[in-house]
>>> print(open('upload-v9.txt').read())   # compact mmCIF, C-alpha atoms
# COMPACT_ATOMS: atom_id res chain seq x y z
CA CYS Z 1 0.53 2.17 -7.45
CA VAL Z 2 1.88 3.17 -4.05
CA THR Z 3 -0.25 3.81 -0.96
CA GLY Z 4 1.06 6.16 1.68
CA ALA Z 5 2.80 7.95 -1.19
CA SER Z 6 2.94 11.43 0.28
CA ARG Z 7 6.00 11.03 2.52
CA GLY Z 8 8.88 8.80 3.57
CA ILE Z 9 9.22 5.36 2.03
CA GLY Z 10 6.11 5.84 -0.13
CA ALA Z 11 7.33 9.09 -1.70
CA HIS Z 12 10.77 7.57 -2.23
CA ALA Z 13 9.24 4.49 -3.92
CA CYS Z 14 7.26 6.74 -6.26
CA GLY Z 15 10.49 8.47 -7.29
CA VAL Z 16 12.36 5.20 -7.79
CA PHE Z 17 9.64 3.73 -10.00
CA ALA Z 18 9.17 6.98 -11.96
CA ARG Z 19 12.93 7.23 -12.60
CA ALA Z 20 12.84 3.64 -13.87
CA GLY Z 21 10.24 4.68 -16.45
CA ALA Z 22 7.06 3.43 -14.77
CA GLN Z 23 3.75 5.20 -14.86
CA VAL Z 24 3.27 5.83 -11.16
CA MET Z 25 0.05 6.45 -9.24
CA GLY Z 26 0.51 7.67 -5.67
CA LEU Z 27 -2.29 7.45 -3.12
CA ALA Z 28 -2.42 9.26 0.21
CA ARG Z 29 -4.56 11.44 2.47
CA SER Z 30 -2.43 14.58 2.15
CA ILE Z 31 -3.19 16.46 -1.05
CA ASP Z 32 -0.53 19.06 -0.21
CA ASP Z 33 2.23 16.45 0.10
CA LEU Z 34 1.05 14.65 -3.04
CA THR Z 35 1.02 17.92 -4.97
CA SER Z 36 4.52 18.72 -3.75
CA LEU Z 37 5.77 15.28 -4.83
CA HIS Z 38 4.07 15.72 -8.20
CA THR Z 39 5.77 19.08 -8.71
CA SER Z 40 9.15 17.64 -7.73
CA LEU Z 41 8.87 14.63 -10.05
CA GLN Z 42 7.54 16.73 -12.92
CA ALA Z 43 10.54 19.05 -12.55
CA GLU Z 44 12.68 15.98 -13.31
CA GLY Z 45 10.54 15.27 -16.39
CA LEU Z 46 8.94 12.22 -14.77
CA SER Z 47 5.41 10.89 -14.96
CA PHE Z 48 3.46 10.84 -11.71
CA ARG Z 49 -0.26 10.83 -11.07
CA PHE Z 50 -1.92 10.89 -7.71
CA ALA Z 51 -5.24 10.60 -5.95
CA LYS Z 52 -6.27 11.76 -2.49
CA ILE Z 53 -7.74 8.70 -0.79
CA ASP Z 54 -8.11 8.03 2.90
CA LEU Z 55 -7.88 4.24 3.10
CA LEU Z 56 -9.80 4.29 6.38
CA ALA Z 57 -12.79 6.14 4.92
CA ASP Z 58 -16.05 4.29 4.30
CA ASP Z 59 -15.85 5.05 0.57
CA ALA Z 60 -12.20 3.99 0.12
CA ILE Z 61 -12.80 0.66 -1.59
CA PRO Z 62 -15.39 1.90 -4.11
CA ARG Z 63 -13.05 4.81 -4.87
CA LEU Z 64 -10.15 2.41 -5.40
CA ASP Z 65 -12.32 0.24 -7.66
CA ASP Z 66 -13.17 3.35 -9.74
CA LEU Z 67 -9.52 4.40 -9.86
CA PHE Z 68 -8.33 0.93 -10.89
CA ALA Z 69 -10.93 0.80 -13.67
CA ASN Z 70 -8.74 3.40 -15.43
CA PHE Z 71 -5.30 2.58 -13.96
CA VAL Z 72 -4.59 -1.12 -13.54
CA PRO Z 73 -1.45 -1.49 -11.45
CA ASP Z 74 1.14 -4.05 -12.49
CA VAL Z 75 2.78 -3.47 -9.10
CA PHE Z 76 0.77 -2.54 -6.02
CA ILE Z 77 2.77 -1.34 -3.03
CA ASN Z 78 0.86 -1.50 0.24
CA ASN Z 79 2.88 1.07 2.15
CA ALA Z 80 0.38 3.17 4.12
CA GLY Z 81 0.85 2.65 7.81
CA ALA Z 82 1.09 4.22 11.22
CA THR Z 83 2.25 3.56 14.73
CA ARG Z 84 1.28 5.04 18.07
CA PRO Z 85 3.87 3.83 20.55
CA ALA Z 86 2.63 3.13 24.06
CA PRO Z 87 3.24 0.55 26.76
CA PHE Z 88 0.85 -2.41 26.39
CA GLU Z 89 -1.16 -1.47 29.46
CA ALA Z 90 -1.69 2.09 28.20
CA VAL Z 91 -2.88 1.39 24.63
CA SER Z 92 -6.24 3.05 24.07
CA VAL Z 93 -9.05 1.52 22.02
CA GLU Z 94 -8.81 4.51 19.66
CA ASP Z 95 -5.08 3.96 19.03
CA PHE Z 96 -5.54 0.19 18.68
CA ASP Z 97 -8.33 0.64 16.14
CA ARG Z 98 -6.45 3.33 14.19
CA VAL Z 99 -3.21 1.35 13.84
CA MET Z 100 -4.95 -2.00 13.17
CA GLY Z 101 -7.30 -0.28 10.74
CA LEU Z 102 -4.60 1.37 8.65
CA ASN Z 103 -1.81 -1.20 8.89
CA LEU Z 104 -3.93 -4.30 8.41
CA ARG Z 105 -7.57 -3.75 7.41
CA ALA Z 106 -6.94 -0.94 4.91
CA GLY Z 107 -3.94 -2.74 3.41
CA PHE Z 108 -5.93 -5.96 3.07
CA PHE Z 109 -8.84 -4.38 1.23
CA ALA Z 110 -6.73 -1.98 -0.86
CA SER Z 111 -4.63 -4.96 -2.00
CA GLN Z 112 -7.82 -6.86 -2.75
CA ALA Z 113 -9.08 -3.99 -4.96
CA ALA Z 114 -5.74 -3.88 -6.81
CA VAL Z 115 -5.77 -7.65 -7.35
CA ARG Z 116 -9.35 -7.54 -8.67
CA ALA Z 117 -8.21 -4.99 -11.25
CA MET Z 118 -5.13 -7.05 -12.16
CA LEU Z 119 -7.25 -10.15 -12.70
CA ALA Z 120 -9.86 -8.29 -14.76
CA ALA Z 121 -7.34 -6.82 -17.22
CA PRO Z 122 -4.66 -8.81 -19.01
CA PRO Z 123 -1.10 -7.45 -18.86
CA PRO Z 124 -0.47 -4.83 -21.59
CA GLY Z 125 1.42 -6.65 -24.31
CA PRO Z 126 4.51 -8.80 -24.44
CA ALA Z 127 6.65 -6.25 -22.57
CA ILE Z 128 4.91 -7.33 -19.37
CA PRO Z 129 4.99 -11.12 -18.89
CA GLU Z 130 1.91 -12.66 -17.29
CA ASN Z 131 3.73 -13.36 -14.02
CA ALA Z 132 5.12 -9.82 -13.69
CA ARG Z 133 2.27 -8.43 -11.64
CA SER Z 134 2.89 -8.21 -7.94
CA VAL Z 135 1.75 -6.98 -4.57
CA LEU Z 136 4.40 -5.75 -2.17
CA HIS Z 137 3.53 -5.24 1.49
CA LEU Z 138 5.79 -2.92 3.46
CA SER Z 139 6.36 -4.79 6.67
CA SER Z 140 8.94 -4.23 9.37
CA MET Z 141 11.46 -6.05 11.51
CA LEU Z 142 8.59 -5.92 14.01
CA GLY Z 143 6.86 -8.49 11.83
CA HIS Z 144 9.41 -10.94 13.24
CA VAL Z 145 10.43 -9.55 16.63
CA ALA Z 146 9.00 -7.09 19.14
CA LEU Z 147 10.10 -3.96 20.94
CA PRO Z 148 8.79 -2.40 24.15
CA GLY Z 149 5.93 0.01 23.63
CA ARG Z 150 5.06 -1.33 20.17
CA SER Z 151 2.54 -4.11 20.88
CA VAL Z 152 -0.11 -2.97 18.41
CA TYR Z 153 2.34 -2.12 15.63
CA ALA Z 154 4.13 -5.47 16.08
CA ALA Z 155 0.79 -7.29 15.99
CA THR Z 156 -0.14 -5.62 12.69
CA LYS Z 157 3.20 -6.43 11.09
CA HIS Z 158 3.10 -10.05 12.27
CA ALA Z 159 -0.39 -10.29 10.76
CA LEU Z 160 0.83 -8.65 7.55
CA GLU Z 161 3.57 -11.29 7.24
CA GLY Z 162 0.93 -14.03 7.55
CA LEU Z 163 -1.34 -12.27 5.08
CA THR Z 164 1.55 -12.07 2.60
CA LYS Z 165 2.13 -15.82 2.79
CA ALA Z 166 -1.56 -16.64 2.39
CA MET Z 167 -2.00 -14.21 -0.51
CA ALA Z 168 1.10 -15.64 -2.22
CA LEU Z 169 -0.42 -19.12 -2.11
CA ASP Z 170 -3.79 -17.92 -3.39
CA LEU Z 171 -2.44 -15.65 -6.13
CA ALA Z 172 0.59 -17.54 -7.49
CA PRO Z 173 -1.59 -19.79 -9.68
CA LEU Z 174 -3.14 -16.60 -11.08
CA GLY Z 175 0.24 -15.12 -12.02
CA ILE Z 176 0.53 -12.55 -9.23
CA ARG Z 177 3.54 -12.55 -6.89
CA VAL Z 178 3.11 -11.37 -3.32
CA ASN Z 179 6.04 -10.41 -1.11
CA ALA Z 180 6.72 -8.46 2.06
CA LEU Z 181 9.65 -6.15 2.57
CA GLY Z 182 10.76 -5.22 6.05
>>> encode(input="upload-v9.txt", output="structure tokens")
Amino acid sequence: CVTGASRGIGAHACGVFARAGAQVMGLARSIDDLTSLHTSLQAEGLSFRFAKIDLLADDAIPRLDDLFANFVPDVFINNAGATRPAPFEAVSVEDFDRVMGLNLRAGFFASQAAVRAMLAAPPPGPAIPENARSVLHLSSMLGHVALPGRSVYAATKHALEGLTKAMALDLAPLGIRVNALG
């Protein structure tokens, strides 16, 4: 399951996993982009399902819980994200809340919904070992350094790196790996 699946890294990840034989579920806000990706992958004879979900919407988590009741991800890729570059002194409350909300809050709770589903359903057969389930957070070099005009984005990616480490400690005993890729 890939969030932010409609474009860029998310769409590419969906293609990579589908070409490797995975059953892929893409999540994003843009139904047009998801439909286009679906058409493209189907033309290659690949399996791809999708759902239009705005991870910032009030109903996002219940919708994810419903989705994961029927599609338990073995791999959850927290990819949805945004940036609104601005000098520190010019960052608006709206931009701060939007970037923090999508990059950190939405990713936290979407990952939590995926992990709940993973823990509720055993892996499907011997082809998937118990420790094969994982959560992958798409981070950035800005999770380790900073650039001018990217204070909010850098803050979210630093926080995501810390979240990854804490989740890894909590979930390793339960057979779920957690990593960040930047």
>>> closest_residue(input="upload-v9.txt", among="Z:Ala11, Z:Met25, Z:Ala110, Z:Leu174", to="Ala57 (chain Z)", atoms="all atoms listed in the file")
Z:Ala110
>>> closest_residue(input="upload-v9.txt", among="Z:Leu181, Z:Ala166, Z:Cys14, Z:Ala69", to="Leu142 (chain Z)", atoms="all atoms listed in the file")
Z:Leu181
>>> atom_distance(input="upload-v9.txt", atom1="CA of Leu46 (chain Z)", atom2="CA of Asn70 (chain Z)")
19.8 Å
>>> residues_near_point(input="upload-v9.txt", point="(11.6, -7.3, 4.5)", cutoff="9 Å", atoms="only C-alpha atoms", output="PyMOL selection string")
chain Z and resi 137-141+143+179-182
>>> atom_distance(input="upload-v9.txt", atom1="CA of Ala5 (chain Z)", atom2="CA of Ser111 (chain Z)")
14.9 Å
>>> closest_residue(input="upload-v9.txt", among="Z:Ala43, Z:Ala28, Z:Val75, Z:Ala22", to="Leu56 (chain Z)", atoms="only C-alpha atoms")
Z:Ala28
>>> residues_near_point(input="upload-v9.txt", point="(-3.2, -6.6, -12.6)", cutoff="6 Å", atoms="all atoms listed in the file", output="list in words")
Val72, Pro73, Asp74, Val115, Ala117, Met118, Leu119 and Arg133 of chain Z
>>> closest_residue(input="upload-v9.txt", among="Z:Gly81, Z:Gly4, Z:Gly21, Z:Gly26", to="Leu160 (chain Z)", atoms="only C-alpha atoms")
Z:Gly81
>>> closest_residue(input="upload-v9.txt", among="Z:Ala168, Z:Ala154, Z:Ala114, Z:Val178", to="Leu64 (chain Z)", atoms="only C-alpha atoms")
Z:Ala114
>>> atom_distance(input="upload-v9.txt", atom1="CA of Lys165 (chain Z)", atom2="CA of Gly101 (chain Z)")
19.8 Å
>>> closest_residue(input="upload-v9.txt", among="Z:Ser30, Z:Ser6, Z:Ala159, Z:Val152", to="Val91 (chain Z)", atoms="only C-alpha atoms")
Z:Val152
>>> residues_around(input="upload-v9.txt", residues="Ala80 (chain Z)", least_positions_apart="4", cutoff="7 Å", atoms="only C-alpha atoms", output="list in words")
Thr3, Gly4, Leu102 and Asn103 of chain Z
>>> write_last_selection(input="upload-v9.txt", atoms="C-alpha atoms", output="compact mmCIF listing (two decimals), in the frame of the given file")
# COMPACT_ATOMS: atom_id res chain seq x y z
CA THR Z 3 -0.25 3.81 -0.96
CA GLY Z 4 1.06 6.16 1.68
CA LEU Z 102 -4.60 1.37 8.65
CA ASN Z 103 -1.81 -1.20 8.89
>>> residues_around(input="upload-v9.txt", residues="Phe76 (chain Z)", least_positions_apart="3", cutoff="7 Å", atoms="all atoms listed in the file", output="ChimeraX atom specification")
/Z:1-2,73,114,134-136
>>> build_atoms(input="upload-v9.txt", residues="region 55-68 of chain Z", atoms="N, CA and C atoms", output="compact mmCIF listing (two decimals), in the frame of the given file")
# COMPACT_ATOMS: atom_id res chain seq x y z
N LEU Z 55 -7.59 5.66 3.13
CA LEU Z 55 -7.88 4.24 3.10
C LEU Z 55 -8.74 3.77 4.26
N LEU Z 56 -8.93 4.63 5.26
CA LEU Z 56 -9.80 4.29 6.38
C LEU Z 56 -11.23 4.79 6.19
N ALA Z 57 -11.46 5.58 5.16
CA ALA Z 57 -12.79 6.14 4.92
C ALA Z 57 -13.76 5.07 4.42
N ASP Z 58 -15.03 5.26 4.71
CA ASP Z 58 -16.05 4.29 4.30
C ASP Z 58 -16.11 4.10 2.79
N ASP Z 59 -15.76 5.14 2.03
CA ASP Z 59 -15.85 5.05 0.57
C ASP Z 59 -14.53 4.67 -0.09
N ALA Z 60 -13.53 4.26 0.68
CA ALA Z 60 -12.20 3.99 0.12
C ALA Z 60 -12.21 2.89 -0.94
N ILE Z 61 -12.85 1.79 -0.66
CA ILE Z 61 -12.80 0.66 -1.59
C ILE Z 61 -13.56 0.97 -2.88
N PRO Z 62 -14.76 1.52 -2.84
CA PRO Z 62 -15.39 1.90 -4.11
C PRO Z 62 -14.56 2.93 -4.90
N ARG Z 63 -13.91 3.84 -4.18
CA ARG Z 63 -13.05 4.81 -4.87
C ARG Z 63 -11.85 4.14 -5.51
N LEU Z 64 -11.25 3.16 -4.82
CA LEU Z 64 -10.15 2.41 -5.40
C LEU Z 64 -10.61 1.61 -6.62
N ASP Z 65 -11.79 0.99 -6.52
CA ASP Z 65 -12.32 0.24 -7.66
C ASP Z 65 -12.50 1.17 -8.87
N ASP Z 66 -13.02 2.37 -8.65
CA ASP Z 66 -13.17 3.35 -9.74
C ASP Z 66 -11.82 3.75 -10.31
N LEU Z 67 -10.86 4.01 -9.43
CA LEU Z 67 -9.52 4.40 -9.86
C LEU Z 67 -8.87 3.30 -10.69
N PHE Z 68 -8.97 2.05 -10.21
CA PHE Z 68 -8.33 0.93 -10.89
C PHE Z 68 -9.05 0.53 -12.17
